[in-house]
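Enquirer: Supplied structure: data_4.pdb, PDB, C-alpha atoms, pLDDT in the B column.
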```pdb
ATOM      1  CA  SER A  10     -17.278 -17.307  -0.420  1.00 93.00           C
ATOM      2  CA  TYR A  11     -14.383 -19.278  -1.945  1.00 94.00           C
ATOM      3  CA  LEU A  12     -11.768 -17.491   0.193  1.00 92.00           C
ATOM      4  CA  ASP A  13     -13.967 -17.816   3.270  1.00 92.00           C
ATOM      5  CA  LYS A  14     -14.148 -21.564   2.672  1.00 94.00           C
ATOM      6  CA  ILE A  15     -10.334 -21.738   2.243  1.00 93.00           C
ATOM      7  CA  ARG A  16      -9.817 -19.681   5.432  1.00 90.00           C
ATOM      8  CA  LYS A  17     -12.186 -21.848   7.492  1.00 90.00           C
ATOM      9  CA  SER A  18     -10.401 -24.992   6.306  1.00 90.00           C
ATOM     10  CA  GLY A  19      -7.089 -23.533   7.566  1.00 90.00           C
ATOM     11  CA  ASN A  20      -5.584 -23.467   4.096  1.00 92.00           C
ATOM     12  CA  SER A  21      -4.432 -20.750   1.673  1.00 93.00           C
ATOM     13  CA  VAL A  22      -4.325 -20.063  -2.078  1.00 96.00           C
ATOM     14  CA  GLY A  23      -2.141 -18.065  -4.440  1.00 96.00           C
ATOM     15  CA  ALA A  24      -3.160 -15.371  -6.892  1.00 97.00           C
ATOM     16  CA  MET A  25      -2.381 -13.900 -10.294  1.00 97.00           C
ATOM     17  CA  ILE A  26      -2.468 -10.088 -10.264  1.00 98.00           C
ATOM     18  CA  GLU A  27      -2.547  -7.848 -13.326  1.00 98.00           C
ATOM     19  CA  ILE A  28      -1.512  -4.203 -13.100  1.00 98.00           C
ATOM     20  CA  ILE A  29      -2.036  -1.816 -16.031  1.00 98.00           C
ATOM     21  CA  ALA A  30      -0.529   1.660 -16.397  1.00 98.00           C
ATOM     22  CA  GLU A  31      -2.306   3.831 -18.958  1.00 98.00           C
ATOM     23  CA  GLY A  32      -0.952   6.961 -20.622  1.00 96.00           C
ATOM     24  CA  VAL A  33       2.719   6.049 -20.314  1.00 96.00           C
ATOM     25  CA  PRO A  34       4.707   8.020 -22.908  1.00 94.00           C
ATOM     26  CA  ALA A  35       6.830   6.297 -25.526  1.00 94.00           C
ATOM     27  CA  GLY A  36      10.592   6.366 -25.054  1.00 94.00           C
ATOM     28  CA  LEU A  37      11.107   5.396 -21.413  1.00 96.00           C
ATOM     29  CA  GLY A  38      13.844   2.850 -20.810  1.00 96.00           C
ATOM     30  CA  ALA A  39      16.876   1.764 -22.768  1.00 95.00           C
ATOM     31  CA  PRO A  40      17.817  -1.147 -25.052  1.00 94.00           C
ATOM     32  CA  ILE A  41      20.397  -2.509 -22.565  1.00 91.00           C
ATOM     33  CA  TYR A  42      21.274  -1.962 -18.891  1.00 90.00           C
ATOM     34  CA  GLY A  43      18.322   0.362 -18.176  1.00 91.00           C
ATOM     35  CA  LYS A  44      15.580  -1.741 -19.780  1.00 97.00           C
ATOM     36  CA  LEU A  45      12.112  -0.767 -18.593  1.00 98.00           C
ATOM     37  CA  ASP A  46      10.826  -4.349 -18.642  1.00 97.00           C
ATOM     38  CA  SER A  47      13.761  -5.700 -16.641  1.00 97.00           C
ATOM     39  CA  ASP A  48      13.279  -2.980 -14.013  1.00 98.00           C
ATOM     40  CA  LEU A  49       9.551  -3.797 -13.850  1.00 98.00           C
ATOM     41  CA  ALA A  50      10.273  -7.511 -13.425  1.00 98.00           C
ATOM     42  CA  LYS A  51      12.864  -6.836 -10.721  1.00 98.00           C
ATOM     43  CA  ALA A  52      10.466  -4.552  -8.838  1.00 98.00           C
ATOM     44  CA  MET A  53       7.625  -7.076  -8.913  1.00 98.00           C
ATOM     45  CA  MET A  54       9.913  -9.968  -7.914  1.00 98.00           C
ATOM     46  CA  SER A  55      11.045  -7.948  -4.887  1.00 97.00           C
ATOM     47  CA  ILE A  56       7.510  -8.092  -3.452  1.00 97.00           C
ATOM     48  CA  ASN A  57       7.173 -10.781  -0.778  1.00 94.00           C
ATOM     49  CA  ALA A  58       5.598 -14.056  -1.978  1.00 95.00           C
ATOM     50  CA  VAL A  59       5.919 -13.204  -5.705  1.00 97.00           C
ATOM     51  CA  LYS A  60       7.141 -16.211  -7.686  1.00 97.00           C
ATOM     52  CA  GLY A  61       6.649 -15.153 -11.300  1.00 97.00           C
ATOM     53  CA  VAL A  62       6.316 -12.032 -13.469  1.00 98.00           C
ATOM     54  CA  GLU A  63       4.950 -11.527 -16.979  1.00 98.00           C
ATOM     55  CA  ILE A  64       4.911  -8.452 -19.175  1.00 98.00           C
ATOM     56  CA  GLY A  65       2.336  -8.422 -21.961  1.00 97.00           C
ATOM     57  CA  ALA A  66       1.673 -11.906 -23.338  1.00 97.00           C
ATOM     58  CA  GLY A  67       4.476 -13.175 -21.086  1.00 96.00           C
ATOM     59  CA  MET A  68       4.740 -16.969 -20.914  1.00 95.00           C
ATOM     60  CA  LYS A  69       1.964 -17.347 -23.488  1.00 96.00           C
ATOM     61  CA  SER A  70       4.259 -15.766 -26.108  1.00 96.00           C
ATOM     62  CA  ALA A  71       6.445 -18.896 -26.072  1.00 96.00           C
ATOM     63  CA  GLY A  72       3.557 -20.769 -27.702  1.00 97.00           C
ATOM     64  CA  LEU A  73       2.896 -18.152 -30.387  1.00 96.00           C
ATOM     65  CA  THR A  74       4.442 -17.736 -33.804  1.00 96.00           C
ATOM     66  CA  GLY A  75       6.215 -14.539 -34.796  1.00 96.00           C
ATOM     67  CA  VAL A  76       3.190 -13.532 -36.870  1.00 96.00           C
ATOM     68  CA  GLU A  77       0.848 -14.064 -33.905  1.00 96.00           C
ATOM     69  CA  ASN A  78       3.064 -12.328 -31.360  1.00 96.00           C
ATOM     70  CA  ALA A  79       4.355  -9.307 -33.334  1.00 95.00           C
ATOM     71  CA  ASP A  80       2.649  -6.004 -32.493  1.00 95.00           C
ATOM     72  CA  GLU A  81       2.122  -4.532 -35.962  1.00 95.00           C
ATOM     73  CA  ILE A  82       2.558  -0.758 -36.206  1.00 94.00           C
ATOM     74  CA  PHE A  83       0.655   1.617 -38.498  1.00 95.00           C
ATOM     75  CA  LEU A  84       0.201   5.380 -38.734  1.00 95.00           C
ATOM     76  CA  GLU A  85      -3.052   7.056 -37.766  1.00 94.00           C
ATOM     77  CA  ASN A  86      -3.191  10.875 -37.785  1.00 94.00           C
ATOM     78  CA  ASN A  87       0.620  10.875 -38.131  1.00 93.00           C
ATOM     79  CA  GLN A  88       0.933   8.922 -34.859  1.00 89.00           C
ATOM     80  CA  PRO A  89       2.140   5.319 -34.539  1.00 90.00           C
ATOM     81  CA  LYS A  90      -0.607   2.895 -33.480  1.00 93.00           C
ATOM     82  CA  TYR A  91      -0.442  -0.818 -32.737  1.00 95.00           C
ATOM     83  CA  LYS A  92      -2.825  -3.614 -33.775  1.00 95.00           C
ATOM     84  CA  SER A  93      -2.088  -5.542 -30.556  1.00 96.00           C
ATOM     85  CA  ASN A  94      -0.173  -5.225 -27.281  1.00 97.00           C
ATOM     86  CA  ASN A  95       1.512  -8.605 -26.819  1.00 97.00           C
ATOM     87  CA  SER A  96       4.642  -6.727 -25.754  1.00 97.00           C
ATOM     88  CA  GLY A  97       2.812  -5.214 -22.778  1.00 97.00           C
ATOM     89  CA  GLY A  98       3.797  -1.711 -23.821  1.00 97.00           C
ATOM     90  CA  VAL A  99       7.560  -2.388 -23.880  1.00 97.00           C
ATOM     91  CA  LEU A 100       9.591  -3.291 -26.979  1.00 95.00           C
ATOM     92  CA  GLY A 101      13.372  -3.664 -26.832  1.00 95.00           C
ATOM     93  CA  GLY A 102      13.412  -2.354 -23.252  1.00 97.00           C
ATOM     94  CA  ILE A 103      11.677   0.918 -24.237  1.00 97.00           C
ATOM     95  CA  SER A 104       8.051   1.963 -23.678  1.00 97.00           C
ATOM     96  CA  THR A 105       5.905   2.107 -26.822  1.00 96.00           C
ATOM     97  CA  GLY A 106       3.222   4.507 -25.606  1.00 95.00           C
ATOM     98  CA  GLN A 107       0.770   1.625 -25.195  1.00 97.00           C
ATOM     99  CA  ASP A 108      -0.587   0.503 -21.837  1.00 98.00           C
ATOM    100  CA  ILE A 109       2.073  -1.144 -19.675  1.00 98.00           C
ATOM    101  CA  VAL A 110       0.673  -4.562 -18.686  1.00 98.00           C
ATOM    102  CA  VAL A 111       2.374  -6.492 -15.862  1.00 98.00           C
ATOM    103  CA  ARG A 112       1.146  -9.684 -14.196  1.00 98.00           C
ATOM    104  CA  PHE A 113       2.668 -11.408 -11.205  1.00 98.00           C
ATOM    105  CA  ALA A 114       1.985 -14.655  -9.392  1.00 98.00           C
ATOM    106  CA  VAL A 115       1.777 -14.708  -5.604  1.00 97.00           C
ATOM    107  CA  LYS A 116       2.261 -18.046  -3.856  1.00 96.00           C
ATOM    108  CA  PRO A 117      -0.098 -19.331  -1.176  1.00 95.00           C
ATOM    109  CA  THR A 118       1.105 -18.400   2.278  1.00 89.00           C
ATOM    110  CA  SER A 119       2.836 -21.313   3.981  1.00 85.00           C
ATOM    111  CA  SER A 120       1.742 -20.202   7.460  1.00 84.00           C
ATOM    112  CA  ILE A 121      -1.396 -22.342   7.658  1.00 88.00           C
ATOM    113  CA  ILE A 122      -3.016 -24.147  10.561  1.00 88.00           C
ATOM    114  CA  ILE A 123      -3.046 -27.513   8.787  1.00 90.00           C
ATOM    115  CA  PRO A 124      -0.218 -29.632  10.257  1.00 91.00           C
ATOM    116  CA  ARG A 125       2.866 -29.830   7.987  1.00 91.00           C
ATOM    117  CA  MET A 126       6.205 -31.596   8.360  1.00 94.00           C
ATOM    118  CA  THR A 127       9.391 -29.724   9.256  1.00 94.00           C
ATOM    119  CA  VAL A 128      12.696 -30.265  11.050  1.00 96.00           C
ATOM    120  CA  ASN A 129      13.268 -28.883  14.566  1.00 95.00           C
ATOM    121  CA  GLU A 130      16.467 -27.452  16.047  1.00 96.00           C
ATOM    122  CA  LYS A 131      17.570 -30.960  17.103  1.00 97.00           C
ATOM    123  CA  GLY A 132      17.343 -32.226  13.514  1.00 96.00           C
ATOM    124  CA  GLU A 133      14.230 -34.283  14.219  1.00 97.00           C
ATOM    125  CA  ASN A 134      11.301 -34.656  11.839  1.00 97.00           C
ATOM    126  CA  VAL A 135       8.281 -33.042  13.513  1.00 96.00           C
ATOM    127  CA  GLU A 136       4.858 -31.690  12.677  1.00 94.00           C
ATOM    128  CA  ILE A 137       4.300 -27.938  12.857  1.00 90.00           C
ATOM    129  CA  VAL A 138       1.112 -25.907  13.083  1.00 87.00           C
ATOM    130  CA  THR A 139       1.436 -22.174  12.574  1.00 85.00           C
ATOM    131  CA  LYS A 140      -0.713 -20.252  15.040  1.00 82.00           C
ATOM    132  CA  GLY A 141      -1.919 -16.685  14.796  1.00 73.00           C
ATOM    133  CA  ARG A 142      -3.416 -14.637  11.994  1.00 71.00           C
ATOM    134  CA  HIS A 143      -3.696 -16.345   8.603  1.00 76.00           C
ATOM    135  CA  ASP A 144      -4.583 -14.701   5.294  1.00 84.00           C
ATOM    136  CA  PRO A 145      -6.297 -17.167   2.984  1.00 90.00           C
ATOM    137  CA  CYS A 146      -4.775 -15.218   0.052  1.00 93.00           C
ATOM    138  CA  VAL A 147      -2.019 -12.616   0.354  1.00 91.00           C
ATOM    139  CA  GLY A 148      -2.718 -11.661  -3.268  1.00 93.00           C
ATOM    140  CA  ILE A 149      -5.409  -9.269  -2.074  1.00 92.00           C
ATOM    141  CA  ARG A 150      -2.841  -7.296  -0.072  1.00 93.00           C
ATOM    142  CA  ALA A 151      -0.365  -7.444  -2.979  1.00 96.00           C
ATOM    143  CA  VAL A 152      -2.518  -5.417  -5.411  1.00 97.00           C
ATOM    144  CA  PRO A 153      -1.743  -1.923  -4.043  1.00 98.00           C
ATOM    145  CA  ILE A 154       1.875  -2.958  -3.486  1.00 98.00           C
ATOM    146  CA  GLY A 155       2.167  -3.973  -7.148  1.00 98.00           C
ATOM    147  CA  GLU A 156       0.538  -0.713  -8.234  1.00 98.00           C
ATOM    148  CA  ALA A 157       2.997   1.264  -6.111  1.00 98.00           C
ATOM    149  CA  MET A 158       6.006  -0.673  -7.449  1.00 98.00           C
ATOM    150  CA  LEU A 159       4.882  -0.081 -11.038  1.00 98.00           C
ATOM    151  CA  ALA A 160       4.422   3.634 -10.324  1.00 98.00           C
ATOM    152  CA  LEU A 161       7.879   3.889  -8.708  1.00 98.00           C
ATOM    153  CA  VAL A 162       9.597   2.246 -11.683  1.00 98.00           C
ATOM    154  CA  LEU A 163       7.757   4.498 -14.146  1.00 98.00           C
ATOM    155  CA  VAL A 164       8.593   7.658 -12.187  1.00 97.00           C
ATOM    156  CA  ASP A 165      12.227   6.572 -11.997  1.00 97.00           C
ATOM    157  CA  HIS A 166      12.318   6.121 -15.772  1.00 96.00           C
ATOM    158  CA  LEU A 167      10.523   9.429 -16.334  1.00 95.00           C
ATOM    159  CA  LEU A 168      13.171  11.189 -14.245  1.00 94.00           C
ATOM    160  CA  ARG A 169      15.970   9.456 -16.170  1.00 93.00           C
ATOM    161  CA  PHE A 170      14.377  10.479 -19.468  1.00 92.00           C
ATOM    162  CA  ARG A 171      14.024  14.075 -18.293  1.00 91.00           C
ATOM    163  CA  ALA A 172      17.652  14.176 -17.158  1.00 92.00           C
ATOM    164  CA  GLN A 173      18.886  12.819 -20.494  1.00 88.00           C
ATOM    165  CA  CYS A 174      16.431  14.311 -22.997  1.00 88.00           C
ATOM    166  CA  GLY A 175      14.449  17.072 -21.319  1.00 83.00           C
ATOM    167  CA  LEU A 176      10.712  17.197 -20.775  1.00 75.00           C
ATOM    168  CA  ILE A 177       8.410  14.742 -22.511  1.00 71.00           C
ATOM    169  CA  THR A 178       5.997  16.511 -24.841  1.00 61.00           C
TER     170      THR A 178
END
```
Now, as a test, write the supplied structure out as structure tokens.

Expert:
Amino acid sequence: SYLDKIRKSGNSVGAMIEIIAEGVPAGLGAPIYGKLDSDLAKAMMSINAVKGVEIGAGMKSAGLTGVENADEIFLENNQPKYKSNNSGGVLGGISTGQDIVVRFAVKPTSSIIIPRMTVNEKGENVEIVTKGRHDPCVGIRAVPIGEAMLALVLVDHLLRFRAQCGLIT
């Protein structure tokens, strides 16, 4: 009902989208140049209308202390486990084996039917009204695109790992 109200008013809104990849093996990525988190951020930023990307705690981590933000590691059944996932499943550019958590912000579409100011080809200040189809929130369409981008980056890193180290066990 909220989006219907926005659409009927001729306006638009942005969105925050969270994508989670479960079951990602530890060891994908590299500490420099081939960092998993930098490739994820680049992929998400390449989606139209995306204006911000977070991995794990993201921007919130700037307000945390080291004690609050650190993902403590312990052994359980001879396997490393983590008490938290503030890193979003990537530490030092390499996957930890935890869920990969990526969020991205999508801006409101600027093609709205509410008159806005612009400059025409003659350099004059004029009002513009965009006519045609208008999504009240392009974030809805961005969800499967974000999922696909995350999957592509992970497959790329899996192939790199296999080429360098062999099969993941």

Enquirer: A:Lys92, A:Arg112, A:Arg125, A:Lys17: which is nearest Ala79 in chain A, counting all atoms listed in the file?

Expert: A:Lys92

Enquirer: Using all atoms listed in the file, find each residue of range 70-138 of chain A with at least one atom at most 9 Å away from an atom of range 40-46 of chain A; report its shortest atom-to-atom pair and that distance in Å (one decimal), sort the rows by chain and rising residue number, and return the result as JSON lines.

Expert:
```
{"residue": "A:Val99", "atom": "CA", "partner": "A:Asp46", "partner_atom": "CA", "distance": 6.5}
{"residue": "A:Leu100", "atom": "CA", "partner": "A:Asp46", "partner_atom": "CA", "distance": 8.5}
{"residue": "A:Gly101", "atom": "CA", "partner": "A:Pro40", "partner_atom": "CA", "distance": 5.4}
{"residue": "A:Gly102", "atom": "CA", "partner": "A:Lys44", "partner_atom": "CA", "distance": 4.1}
{"residue": "A:Ile103", "atom": "CA", "partner": "A:Leu45", "partner_atom": "CA", "distance": 5.9}
{"residue": "A:Ser104", "atom": "CA", "partner": "A:Leu45", "partner_atom": "CA", "distance": 7.1}
```

Enquirer: Dump as CSV the rows for residues of range 34-117 of chain A within 12 Å of range 130-154 of chain A: closest atom pair and distance in Å with one decimal, only C-alpha atoms counted, ordered by chain and rising residue number.

Expert:
```
residue,atom,partner,partner_atom,distance
A:Ala52,CA,A:Ile154,CA,10.2
A:Met53,CA,A:Ile154,CA,8.9
A:Met54,CA,A:Ile154,CA,11.5
A:Ser55,CA,A:Ile154,CA,10.5
A:Ile56,CA,A:Ile154,CA,7.6
A:Asn57,CA,A:Ala151,CA,8.5
A:Ala58,CA,A:Val147,CA,8.1
A:Val59,CA,A:Ala151,CA,8.9
A:Lys60,CA,A:Gly148,CA,11.7
A:Val111,CA,A:Val152,CA,11.6
A:Arg112,CA,A:Val152,CA,10.4
A:Phe113,CA,A:Gly148,CA,9.6
A:Ala114,CA,A:Gly148,CA,8.3
A:Val115,CA,A:Gly148,CA,5.9
A:Lys116,CA,A:Val147,CA,8.1
A:Pro117,CA,A:Cys146,CA,6.3
```

Enquirer: Could you write out as an MDAnalysis selection string the residues that the PyMOL selection byres ((chain A and resi 34-38) around 12) matches in the shown file?

Expert: chainID A and resid 30:33 39:49 88:90 98:109 162:178

Enquirer: Could those residues be written to a file, using C-alpha atoms, as a compact mmCIF listing (two decimals), in the coordinates of the input?

Expert:
```
# COMPACT_ATOMS: atom_id res chain seq x y z
CA ALA A 30 -0.53 1.66 -16.40
CA GLU A 31 -2.31 3.83 -18.96
CA GLY A 32 -0.95 6.96 -20.62
CA VAL A 33 2.72 6.05 -20.31
CA ALA A 39 16.88 1.76 -22.77
CA PRO A 40 17.82 -1.15 -25.05
CA ILE A 41 20.40 -2.51 -22.56
CA TYR A 42 21.27 -1.96 -18.89
CA GLY A 43 18.32 0.36 -18.18
CA LYS A 44 15.58 -1.74 -19.78
CA LEU A 45 12.11 -0.77 -18.59
CA ASP A 46 10.83 -4.35 -18.64
CA SER A 47 13.76 -5.70 -16.64
CA ASP A 48 13.28 -2.98 -14.01
CA LEU A 49 9.55 -3.80 -13.85
CA GLN A 88 0.93 8.92 -34.86
CA PRO A 89 2.14 5.32 -34.54
CA LYS A 90 -0.61 2.90 -33.48
CA GLY A 98 3.80 -1.71 -23.82
CA VAL A 99 7.56 -2.39 -23.88
CA LEU A 100 9.59 -3.29 -26.98
CA GLY A 101 13.37 -3.66 -26.83
CA GLY A 102 13.41 -2.35 -23.25
CA ILE A 103 11.68 0.92 -24.24
CA SER A 104 8.05 1.96 -23.68
CA THR A 105 5.90 2.11 -26.82
CA GLY A 106 3.22 4.51 -25.61
CA GLN A 107 0.77 1.62 -25.20
CA ASP A 108 -0.59 0.50 -21.84
CA ILE A 109 2.07 -1.14 -19.68
CA VAL A 162 9.60 2.25 -11.68
CA LEU A 163 7.76 4.50 -14.15
CA VAL A 164 8.59 7.66 -12.19
CA ASP A 165 12.23 6.57 -12.00
CA HIS A 166 12.32 6.12 -15.77
CA LEU A 167 10.52 9.43 -16.33
CA LEU A 168 13.17 11.19 -14.24
CA ARG A 169 15.97 9.46 -16.17
CA PHE A 170 14.38 10.48 -19.47
CA ARG A 171 14.02 14.08 -18.29
CA ALA A 172 17.65 14.18 -17.16
CA GLN A 173 18.89 12.82 -20.49
CA CYS A 174 16.43 14.31 -23.00
CA GLY A 175 14.45 17.07 -21.32
CA LEU A 176 10.71 17.20 -20.78
CA ILE A 177 8.41 14.74 -22.51
CA THR A 178 6.00 16.51 -24.84
```

Enquirer: If you measure from CA of Ser10 in chain A to CA of Ile29 in chain A, what distance in Å do you get, rounded to one decimal?

Expert: 26.8 Å

Enquirer: Which residue out of A:Ala160, A:Glu63, A:Glu85, A:Ser70 has the minimum interatomic distance to Glu27 in chain A when only C-alpha atoms are used?

Expert: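 That would be A:Glu63, the residue with the smallest distance to Glu27 in chain A.
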
Enquirer: Could you check how far CA of Glu81 in chain A sits from CA of Asn94 in chain A, in Å to one decimal?

Expert: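 Calculated distance between CA of Glu81 in chain A and CA of Asn94 in chain A is 9.0 Å.
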
Enquirer: Can you work out the spacing between CA of Ser21 in chain A and CA of Ile121 in chain A in Å, to one decimal?

Expert: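 So the answer is 6.9 Å.
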
Enquirer: Considering only C-alpha atoms, state which residue in the set A:Val76, A:Val110, A:Val128, A:Ile15 is at the smallest distance from Ala50 in chain A.

Expert: A:Val110

Enquirer: Quick one: axis-aligned box around all listed atoms of range 61-75 of chain A, 5 Å on every side, centre and edge lengths in Å to one decimal, written as JSON.

Expert:
```
{"center_x": 4.2, "center_y": -14.6, "center_z": -23.0, "size_x": 15.0, "size_y": 22.3, "size_z": 33.5}
```

Enquirer: Is there a way to complete range 82-91 of chain A with all heavy atoms and then write that out as a PDB file, in the coordinates of the input?

Expert:
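Saved as part_33.pdb:
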```pdb
ATOM      1  N   ILE A  82       2.637  -2.207 -36.382  1.00 94.00           N
ATOM      2  CA  ILE A  82       2.558  -0.758 -36.206  1.00 94.00           C
ATOM      3  C   ILE A  82       2.029  -0.139 -37.499  1.00 94.00           C
ATOM      4  O   ILE A  82       2.404  -0.558 -38.593  1.00 94.00           O
ATOM      5  CB  ILE A  82       3.941  -0.157 -35.877  1.00 94.00           C
ATOM      6  CG1 ILE A  82       4.572  -0.868 -34.679  1.00 94.00           C
ATOM      7  CG2 ILE A  82       3.831   1.343 -35.618  1.00 94.00           C
ATOM      8  CD1 ILE A  82       6.029  -0.526 -34.450  1.00 94.00           C
ATOM      9  N   PHE A  83       1.143   0.857 -37.351  1.00 95.00           N
ATOM     10  CA  PHE A  83       0.655   1.617 -38.498  1.00 95.00           C
ATOM     11  C   PHE A  83       0.482   3.066 -38.068  1.00 95.00           C
ATOM     12  O   PHE A  83       0.476   3.364 -36.876  1.00 95.00           O
ATOM     13  CB  PHE A  83      -0.665   1.027 -39.033  1.00 95.00           C
ATOM     14  CG  PHE A  83      -1.790   1.034 -38.037  1.00 95.00           C
ATOM     15  CD1 PHE A  83      -2.732   2.061 -38.040  1.00 95.00           C
ATOM     16  CD2 PHE A  83      -1.922   0.018 -37.090  1.00 95.00           C
ATOM     17  CE1 PHE A  83      -3.769   2.079 -37.116  1.00 95.00           C
ATOM     18  CE2 PHE A  83      -2.957   0.035 -36.163  1.00 95.00           C
ATOM     19  CZ  PHE A  83      -3.884   1.073 -36.185  1.00 95.00           C
ATOM     20  N   LEU A  84       0.388   3.962 -39.029  1.00 95.00           N
ATOM     21  CA  LEU A  84       0.201   5.380 -38.734  1.00 95.00           C
ATOM     22  C   LEU A  84      -1.275   5.740 -38.793  1.00 95.00           C
ATOM     23  O   LEU A  84      -1.993   5.333 -39.700  1.00 95.00           O
ATOM     24  CB  LEU A  84       0.971   6.261 -39.719  1.00 95.00           C
ATOM     25  CG  LEU A  84       2.461   6.405 -39.475  1.00 95.00           C
ATOM     26  CD1 LEU A  84       3.088   7.279 -40.550  1.00 95.00           C
ATOM     27  CD2 LEU A  84       2.765   6.966 -38.101  1.00 95.00           C
ATOM     28  N   GLU A  85      -1.693   6.513 -37.807  1.00 94.00           N
ATOM     29  CA  GLU A  85      -3.052   7.056 -37.766  1.00 94.00           C
ATOM     30  C   GLU A  85      -2.929   8.497 -37.282  1.00 94.00           C
ATOM     31  O   GLU A  85      -2.431   8.721 -36.168  1.00 94.00           O
ATOM     32  CB  GLU A  85      -3.923   6.231 -36.818  1.00 94.00           C
ATOM     33  CG  GLU A  85      -5.380   6.621 -36.807  1.00 94.00           C
ATOM     34  CD  GLU A  85      -6.200   5.716 -35.909  1.00 94.00           C
ATOM     35  OE1 GLU A  85      -6.482   4.578 -36.325  1.00 94.00           O
ATOM     36  OE2 GLU A  85      -6.512   6.139 -34.774  1.00 94.00           O
ATOM     37  N   ASN A  86      -3.342   9.445 -38.102  1.00 94.00           N
ATOM     38  CA  ASN A  86      -3.191  10.875 -37.785  1.00 94.00           C
ATOM     39  C   ASN A  86      -1.732  11.219 -37.471  1.00 94.00           C
ATOM     40  O   ASN A  86      -1.438  11.919 -36.511  1.00 94.00           O
ATOM     41  CB  ASN A  86      -4.105  11.285 -36.629  1.00 94.00           C
ATOM     42  CG  ASN A  86      -5.563  11.055 -36.936  1.00 94.00           C
ATOM     43  OD1 ASN A  86      -6.017  11.281 -38.066  1.00 94.00           O
ATOM     44  ND2 ASN A  86      -6.304  10.597 -35.948  1.00 94.00           N
ATOM     45  N   ASN A  87      -0.825  10.661 -38.278  1.00 93.00           N
ATOM     46  CA  ASN A  87       0.620  10.875 -38.131  1.00 93.00           C
ATOM     47  C   ASN A  87       1.184  10.393 -36.800  1.00 93.00           C
ATOM     48  O   ASN A  87       2.246  10.846 -36.384  1.00 93.00           O
ATOM     49  CB  ASN A  87       0.994  12.345 -38.358  1.00 93.00           C
ATOM     50  CG  ASN A  87       0.923  12.720 -39.819  1.00 93.00           C
ATOM     51  OD1 ASN A  87       1.115  11.866 -40.682  1.00 93.00           O
ATOM     52  ND2 ASN A  87       0.657  13.979 -40.098  1.00 93.00           N
ATOM     53  N   GLN A  88       0.469   9.506 -36.121  1.00 89.00           N
ATOM     54  CA  GLN A  88       0.933   8.922 -34.859  1.00 89.00           C
ATOM     55  C   GLN A  88       1.023   7.405 -35.010  1.00 89.00           C
ATOM     56  O   GLN A  88       0.129   6.790 -35.612  1.00 89.00           O
ATOM     57  CB  GLN A  88      -0.033   9.249 -33.715  1.00 89.00           C
ATOM     58  CG  GLN A  88      -0.118  10.718 -33.366  1.00 89.00           C
ATOM     59  CD  GLN A  88       1.199  11.251 -32.821  1.00 89.00           C
ATOM     60  OE1 GLN A  88       1.831  10.621 -31.993  1.00 89.00           O
ATOM     61  NE2 GLN A  88       1.605  12.417 -33.302  1.00 89.00           N
ATOM     62  N   PRO A  89       2.073   6.781 -34.475  1.00 90.00           N
ATOM     63  CA  PRO A  89       2.140   5.319 -34.539  1.00 90.00           C
ATOM     64  C   PRO A  89       1.060   4.679 -33.661  1.00 90.00           C
ATOM     65  O   PRO A  89       0.817   5.121 -32.543  1.00 90.00           O
ATOM     66  CB  PRO A  89       3.540   4.995 -34.017  1.00 90.00           C
ATOM     67  CG  PRO A  89       3.971   6.202 -33.265  1.00 90.00           C
ATOM     68  CD  PRO A  89       3.224   7.371 -33.799  1.00 90.00           C
ATOM     69  N   LYS A  90       0.408   3.678 -34.206  1.00 93.00           N
ATOM     70  CA  LYS A  90      -0.607   2.895 -33.480  1.00 93.00           C
ATOM     71  C   LYS A  90      -0.247   1.425 -33.637  1.00 93.00           C
ATOM     72  O   LYS A  90       0.446   1.034 -34.566  1.00 93.00           O
ATOM     73  CB  LYS A  90      -2.006   3.149 -34.042  1.00 93.00           C
ATOM     74  CG  LYS A  90      -2.474   4.584 -33.933  1.00 93.00           C
ATOM     75  CD  LYS A  90      -2.750   4.947 -32.512  1.00 93.00           C
ATOM     76  CE  LYS A  90      -3.171   6.405 -32.425  1.00 93.00           C
ATOM     77  NZ  LYS A  90      -3.362   6.850 -31.084  1.00 93.00           N
ATOM     78  N   TYR A  91      -0.743   0.611 -32.736  1.00 95.00           N
ATOM     79  CA  TYR A  91      -0.442  -0.818 -32.737  1.00 95.00           C
ATOM     80  C   TYR A  91      -1.733  -1.613 -32.874  1.00 95.00           C
ATOM     81  O   TYR A  91      -2.764  -1.245 -32.309  1.00 95.00           O
ATOM     82  CB  TYR A  91       0.264  -1.221 -31.440  1.00 95.00           C
ATOM     83  CG  TYR A  91       1.612  -0.572 -31.280  1.00 95.00           C
ATOM     84  CD1 TYR A  91       1.739   0.728 -30.797  1.00 95.00           C
ATOM     85  CD2 TYR A  91       2.764  -1.259 -31.618  1.00 95.00           C
ATOM     86  CE1 TYR A  91       2.978   1.326 -30.657  1.00 95.00           C
ATOM     87  CE2 TYR A  91       4.014  -0.665 -31.483  1.00 95.00           C
ATOM     88  CZ  TYR A  91       4.108   0.619 -30.997  1.00 95.00           C
ATOM     89  OH  TYR A  91       5.335   1.203 -30.861  1.00 95.00           O
TER      90      TYR A  91
END
```
